[in-house]
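Q: Take this structure first; my questions come after.
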Amino acid sequence: MATALKIVPPEDKVNSFVSRKHKMLIDGKWVDSASGKTFPTYNPATGEVLSYVAEGDREDIDRAVRAARNAFENGPWSRLTPSERGRLIWKLADLLEENLEEFAELESFDNGKPLKIARVADLPLAVDMFRYMAGWATKIEGNTIPISVPYAQGAKFLAYTLREPVGVVGQIIPWNFPLLMAAWKLGPALATGCTVVLKPAEQTPLSALRLGELIQEAGIPDGVVNIVPGYGETAGAALSAHPDVDKVAFTGSTEVGKLILQAAAGNLKKVSLELGGKSPNVVFADVDLDAAIGGAANAIFFNHGQCCCAGSRLYVEKKIFDKVVDGVAEQASKIKVGSGQDDSTDMGPLVSKEQLDRVCGYLESGFSEGAKAVVGGSKTGDKGYFVKPTVLVNTNENMKVVQEEIFGPVVTAIPFEDPAEVVSKANTSVYGLAAGVWTRDIQKAHRIASQLRAGTVWINCYNIFDAALPFGGYKQSGWGREMGHEVLEQYTEVKAVCTQL
Ligand code: ADP
């Protein structure tokens, strides 16, 4: 007799997952840390502990790297065909999609972001990233190269290149889009045939751990993906310095990116870095005003401003400066700040107390240098880590709030008079991750796009992401690109093979 399938509602699944004492995934087994230590992860809306997670350190990283090395060299993974690899990645995408609601809730609990946003942005983008990369597994090709060899007159050669996986990859990810950043990193590693030790951010380890279960369910062999939660200064530092890791891929602050680079120097492992930003968003007077105002608000307030590409420096042509600033301020005042689990919430809390203090510190610094808040300007609520969406005016390029990455819902608005002036101001930053341009003049739009020193330029839009669109930084915003076929270069070595015929 067939037994009725018991459907477990997502909220029960989430509660039972969250309330577990979490282990780490090494060589296909869920294990405690070698030290037996755990660390807490908090609900940013309340400041209360959500759950305790095994705290990885040097010894755990060591075990995980050994497992990844073994899986890379000896395991079934190394014998799979590209097509089989692609199917496993696709299966993982399907499983993630089937569990979309559960993951959206986990992400909202651990990070604080609104559930309704995680459902439509973080989750579908992560699923799509795995699908996009599943397709690439069978399309990673070398070239045949006609060579001339001046000192071997008359000789004939067949020369070609192979693209081979770089090997064992350490991946260190941030807390702002915990699952999506894991997908951005794991997708290309799996497509190219690498093996991985993934360290999620200590603030938000839960979705990566649950993803670990799906990786097993999908049938990805043991040791291919190892997940070691822990702190940056311990587990992260051990991973980036490890002599048997071939490459480290990092997303996070520019400050930590520089530490990773130093740690990686020991064995000269390959490094890719997606770092901070202070992205200019430039609005010209000929613009569709409503679209630009909505776009400027979205550019800074999406994900509470906790985006490396947040449009945090708003430059508006003088003639329409007051209109745009008032419009963005009005939008800011309508944003409902609250718990991410509440369906009416537009903006949740910042991720941590540390982040709350950091953003409030920047606000004080801005005010002490003469900035004025048109709207917002302070924290809000008597528990949790909430900050009001803020628009600052009376700011200039010499102020800390205009130069440094705040990583919160705070935008500085500055007027400009002509295109050359705004390009020069936009490019003064040490960062170069993204930029926005708003105008109806297509010549001006593309001219300015070519002049801006940034890895992404959005014209009459902002925060548009796609697995096929490469993303990464000029200047101190990083090395290499995430997504698109460009990312595959960071996960492969090129081997030239030359045969005399
Ligand atoms: P944020 O400043 O926004 O919290 P970080 O750059 O500090 O971002 O953190 C991003 C990731 O880098 C996290 O997974 C964190 O644990 C890790 N990390 C922090 N410090 C180090 C370090 N010294 N070495 C390696 N990883 C680190």
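For the structure tokens, the naming scheme is as follows: chains receive sequential letters (A, B, ...) according to their order of presentation, residues are indexed from 1 within each chain, and ligands are indexed from 1 in presentation order.
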If you run DSSP on the backbone here, which positions in range 129-358 of chain A get helix (DSSP H, G or I)? Please write them as number ranges by chain.

A: A: 129-136, 178-192, 206-218, 232-241, 254-267, 289-305, 318-334, 353-358

Q: With C-alpha atoms retained, could you export that selection as a tab-separated table (two decimals), in the first residue's frame?

A:
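Contents of the output file again_2.tsv:
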chain	number	residue	atom	x	y	z
A	129	MET	CA	24.16	30.60	-12.05
A	130	PHE	CA	24.39	26.83	-11.55
A	131	ARG	CA	22.40	26.21	-14.76
A	132	TYR	CA	24.54	28.62	-16.76
A	133	MET	CA	27.70	26.94	-15.48
A	134	ALA	CA	26.27	23.44	-16.05
A	135	GLY	CA	26.09	24.38	-19.74
A	136	TRP	CA	29.71	25.50	-19.80
A	178	PRO	CA	25.55	34.33	1.26
A	179	LEU	CA	23.97	31.75	-1.04
A	180	LEU	CA	24.43	33.71	-4.26
A	181	MET	CA	28.11	34.29	-3.56
A	182	ALA	CA	28.51	30.56	-2.92
A	183	ALA	CA	26.84	29.90	-6.29
A	184	TRP	CA	29.04	32.45	-8.09
A	185	LYS	CA	32.09	30.67	-6.74
A	186	LEU	CA	31.04	27.00	-6.82
A	187	GLY	CA	29.47	27.12	-10.30
A	188	PRO	CA	32.67	27.78	-12.29
A	189	ALA	CA	34.79	25.59	-10.00
A	190	LEU	CA	32.51	22.60	-10.65
A	191	ALA	CA	32.11	23.35	-14.36
A	192	THR	CA	35.87	23.34	-14.88
A	206	LEU	CA	23.60	28.57	7.32
A	207	SER	CA	22.61	28.60	3.64
A	208	ALA	CA	26.03	27.28	2.57
A	209	LEU	CA	25.69	24.40	5.05
A	210	ARG	CA	22.24	23.52	3.76
A	211	LEU	CA	23.61	23.78	0.21
A	212	GLY	CA	26.21	21.21	1.28
A	213	GLU	CA	23.36	18.76	1.90
A	214	LEU	CA	21.98	19.40	-1.58
A	215	ILE	CA	25.44	18.94	-3.08
A	216	GLN	CA	25.45	15.46	-1.55
A	217	GLU	CA	21.89	14.79	-2.65
A	218	ALA	CA	22.77	15.82	-6.21
A	232	GLY	CA	38.28	35.05	8.77
A	233	GLU	CA	41.44	35.56	10.81
A	234	THR	CA	41.69	31.84	11.57
A	235	ALA	CA	39.97	29.55	9.03
A	236	GLY	CA	40.06	32.13	6.22
A	237	ALA	CA	43.71	32.99	6.81
A	238	ALA	CA	44.68	29.29	6.98
A	239	LEU	CA	42.91	28.62	3.69
A	240	SER	CA	44.48	31.52	1.83
A	241	ALA	CA	47.97	30.60	3.10
A	254	THR	CA	39.52	45.51	-0.16
A	255	GLU	CA	41.34	45.51	3.18
A	256	VAL	CA	40.95	41.73	3.59
A	257	GLY	CA	41.63	41.21	-0.13
A	258	LYS	CA	45.11	42.67	0.42
A	259	LEU	CA	45.69	40.29	3.37
A	260	ILE	CA	44.64	37.35	1.20
A	261	LEU	CA	47.06	38.41	-1.48
A	262	GLN	CA	49.93	38.47	1.02
A	263	ALA	CA	48.94	35.07	2.42
A	264	ALA	CA	48.72	33.63	-1.10
A	265	ALA	CA	52.28	34.72	-1.89
A	266	GLY	CA	53.76	31.75	0.01
A	267	ASN	CA	53.03	29.24	-2.76
A	289	LEU	CA	13.10	61.91	-14.05
A	290	ASP	CA	10.89	59.24	-12.48
A	291	ALA	CA	13.04	56.43	-13.81
A	292	ALA	CA	16.23	58.10	-12.60
A	293	ILE	CA	14.84	58.81	-9.15
A	294	GLY	CA	13.60	55.24	-8.75
A	295	GLY	CA	16.88	53.93	-10.15
A	296	ALA	CA	19.02	56.07	-7.86
A	297	ALA	CA	17.05	54.91	-4.82
A	298	ASN	CA	17.32	51.27	-5.86
A	299	ALA	CA	21.04	51.70	-6.56
A	300	ILE	CA	21.77	52.53	-2.94
A	301	PHE	CA	18.94	51.00	-0.91
A	302	PHE	CA	18.80	47.53	-2.50
A	303	ASN	CA	20.04	44.97	0.06
A	304	HIS	CA	20.27	47.84	2.62
A	305	GLY	CA	23.23	49.29	0.74
A	318	LYS	CA	22.82	71.01	-11.14
A	319	LYS	CA	19.60	72.03	-12.97
A	320	ILE	CA	17.71	69.04	-11.56
A	321	PHE	CA	19.71	68.44	-8.37
A	322	ASP	CA	16.97	69.50	-5.91
A	323	LYS	CA	14.26	67.57	-7.78
A	324	VAL	CA	16.27	64.35	-7.83
A	325	VAL	CA	17.43	64.65	-4.23
A	326	ASP	CA	13.88	65.37	-3.04
A	327	GLY	CA	12.59	62.44	-5.11
A	328	VAL	CA	15.16	59.98	-3.73
A	329	ALA	CA	14.52	61.29	-0.20
A	330	GLU	CA	10.79	60.77	-0.68
A	331	GLN	CA	11.39	57.19	-1.84
A	332	ALA	CA	13.67	56.64	1.17
A	333	SER	CA	11.01	57.90	3.56
A	334	LYS	CA	8.52	55.39	2.12
A	353	LYS	CA	26.23	44.98	15.49
A	354	GLU	CA	29.68	45.63	14.04
A	355	GLN	CA	28.13	46.75	10.78
A	356	LEU	CA	25.58	48.94	12.59
A	357	ASP	CA	28.38	50.66	14.53
A	358	ARG	CA	30.41	51.09	11.37

Q: What's around range 95-100 of chain A at 7 Å? Count only C-alpha atoms, leave out sequence neighbours fewer than 4 positions away in its own chain, and write the answer as a ChimeraX atom specification.

A: /A:91,104,123,127,214

Q: Can I get the selected residues back with N, CA, C and O atoms, as a compact mmCIF listing (two decimals), in the first residue's frame?

A:
# COMPACT_ATOMS: atom_id res chain seq x y z
N LYS A 91 21.55 19.26 -11.75
CA LYS A 91 20.74 18.60 -10.70
C LYS A 91 20.75 19.46 -9.44
O LYS A 91 19.72 19.63 -8.76
N ALA A 104 15.18 30.74 0.93
CA ALA A 104 14.88 32.18 1.07
C ALA A 104 14.68 32.51 2.54
O ALA A 104 15.15 33.53 3.04
N LEU A 123 17.66 33.80 -4.70
CA LEU A 123 17.46 32.39 -5.05
C LEU A 123 17.44 32.14 -6.55
O LEU A 123 18.20 31.30 -7.05
N VAL A 127 20.17 29.83 -8.64
CA VAL A 127 19.75 28.68 -9.46
C VAL A 127 20.26 28.87 -10.89
O VAL A 127 20.84 27.97 -11.50
N LEU A 214 22.48 19.57 -0.21
CA LEU A 214 21.98 19.40 -1.58
C LEU A 214 23.09 18.92 -2.52
O LEU A 214 22.83 18.16 -3.47

Q: With distances taken over only C-alpha atoms and all ligand atoms, which residue among A:Trp479, A:Tyr385, A:Phe177, A:Phe407 lies nearest ligand 1?

A: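 The shortest atom-to-atom distance to ligand 1 comes from A:Phe407.
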
Q: So how far away is CA of Leu275 in chain A from atom 25 (C, counted along the ligand's line) of ligand 1, in Å?

A: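 CA of Leu275 in chain A lies 12.9 Å from atom 25 (C, counted along the ligand's line) of ligand 1.
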
Q: Enumerate the residues of range 182-385 of chain A with a DSSP assignment of strand (DSSP E or B), computed from the backbone, and present them as an NGL selection string.

A: :A and (195-199 or 225-227 or 247-251 or 270-274 or 280-283 or 313-317 or 337 or 347 or 372-375 or 379-380)

Q: Residues at most 12 Å from Glu317 in chain A, counting only C-alpha atoms, excluding those fewer than 5 positions away in the same chain, as a ChimeraX atom specification?

A: /A:281-287,289,292,322-325,413-422,437-439

Q: Check the smallest atom-to-atom distance from each of A:Arg58, A:Lys379, A:Lys21, A:Arg481 to ligand 1 using only C-alpha atoms and all ligand atoms, then report the winner.

A: A:Arg58

Q: Go through A:Phe72, A:Phe103, A:Trp175, A:Tyr42 one by one, measure the shortest atom-to-atom distance of each to ligand 1 using only C-alpha atoms and all ligand atoms, and give the residue with the smallest value.

A: A:Trp175

Q: Taking only C-alpha atoms into account, name the residue in A:Gly455, A:Pro114, A:Gly340, A:Pro349 that is nearest to Gly47 in chain A.

A: A:Pro349

Q: Tell me which protein, DNA and RNA residues are within 10 Å of Arg20 in chain A, counting only C-alpha atoms, leaving out same-chain ones fewer than 5 positions away, and put them as a ChimeraX atom specification.

A: /A:15,50-53

Q: Quick one: everything within 7 Å of Gly276 in chain A, counting only C-alpha atoms, minus sequence neighbours fewer than 2 positions away in the same chain. Send it as a PyMOL selection string.

A: chain A and resi 252-254+308+405+431+477

Q: Would you mind exporting N, CA, C and O atoms of the selected residues as a short mmCIF file (atom, residue, chain, number, x, y, z; two decimals), in the first residue's frame?

A:
data_model
loop_
_atom_site.label_atom_id
_atom_site.label_comp_id
_atom_site.auth_asym_id
_atom_site.auth_seq_id
_atom_site.Cartn_x
_atom_site.Cartn_y
_atom_site.Cartn_z
N GLY A 252 34.92 40.16 -0.79
CA GLY A 252 34.83 40.83 0.50
C GLY A 252 35.48 42.20 0.43
O GLY A 252 35.57 42.79 -0.66
N SER A 253 35.96 42.67 1.55
CA SER A 253 36.49 44.03 1.60
C SER A 253 37.87 44.10 0.94
O SER A 253 38.61 43.12 0.90
N THR A 254 38.20 45.29 0.46
CA THR A 254 39.52 45.51 -0.16
C THR A 254 40.62 45.28 0.87
O THR A 254 41.67 44.69 0.56
N CYS A 308 28.54 45.49 -2.83
CA CYS A 308 29.84 46.09 -3.18
C CYS A 308 29.67 47.08 -4.32
O CYS A 308 30.48 47.99 -4.48
N GLU A 405 33.98 53.21 1.52
CA GLU A 405 32.80 52.35 1.37
C GLU A 405 32.08 52.24 2.72
O GLU A 405 32.66 51.76 3.69
N TYR A 431 38.36 52.96 -5.96
CA TYR A 431 37.60 51.80 -6.40
C TYR A 431 37.17 51.95 -7.87
O TYR A 431 37.16 53.06 -8.40
N SER A 477 39.10 47.56 -6.78
CA SER A 477 37.88 46.74 -6.63
C SER A 477 38.13 45.28 -7.01
O SER A 477 37.20 44.47 -6.93
#

Q: Counting only C-alpha atoms, what is within 7 Å of Thr390 in chain A, bar same-chain residues fewer than 4 positions away, as an MDAnalysis selection string?

A: chainID A and resid 373 375:377 409:411

Q: Have a look at A:Thr38, A:Thr204, A:Gln153, A:Ser272 and name the one nearest to Tyr491 in chain A; count only C-alpha atoms.

A: A:Ser272

Q: For ligand 1, which residue among A:Ile140, A:Leu125, A:Ala201, A:Ala496 is the nearest when counting only C-alpha atoms and all ligand atoms?

A: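 Checking each of A:Ile140, A:Leu125, A:Ala201, A:Ala496 against ligand 1, counting only C-alpha atoms and all ligand atoms, the winner is A:Ala201.
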
Q: Which value, in Å to one decimal, gives the distance between CA of Ser378 in chain A and CA of Thr412 in chain A?

A: 14.7 Å

Q: Just to confirm, what's the straight-line distance from CA of Leu80 in chain A to CA of Ile173 in chain A in Å (one decimal)?

A: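 Computing the Euclidean distance for CA of Leu80 in chain A and CA of Ile173 in chain A yields 27.2 Å.
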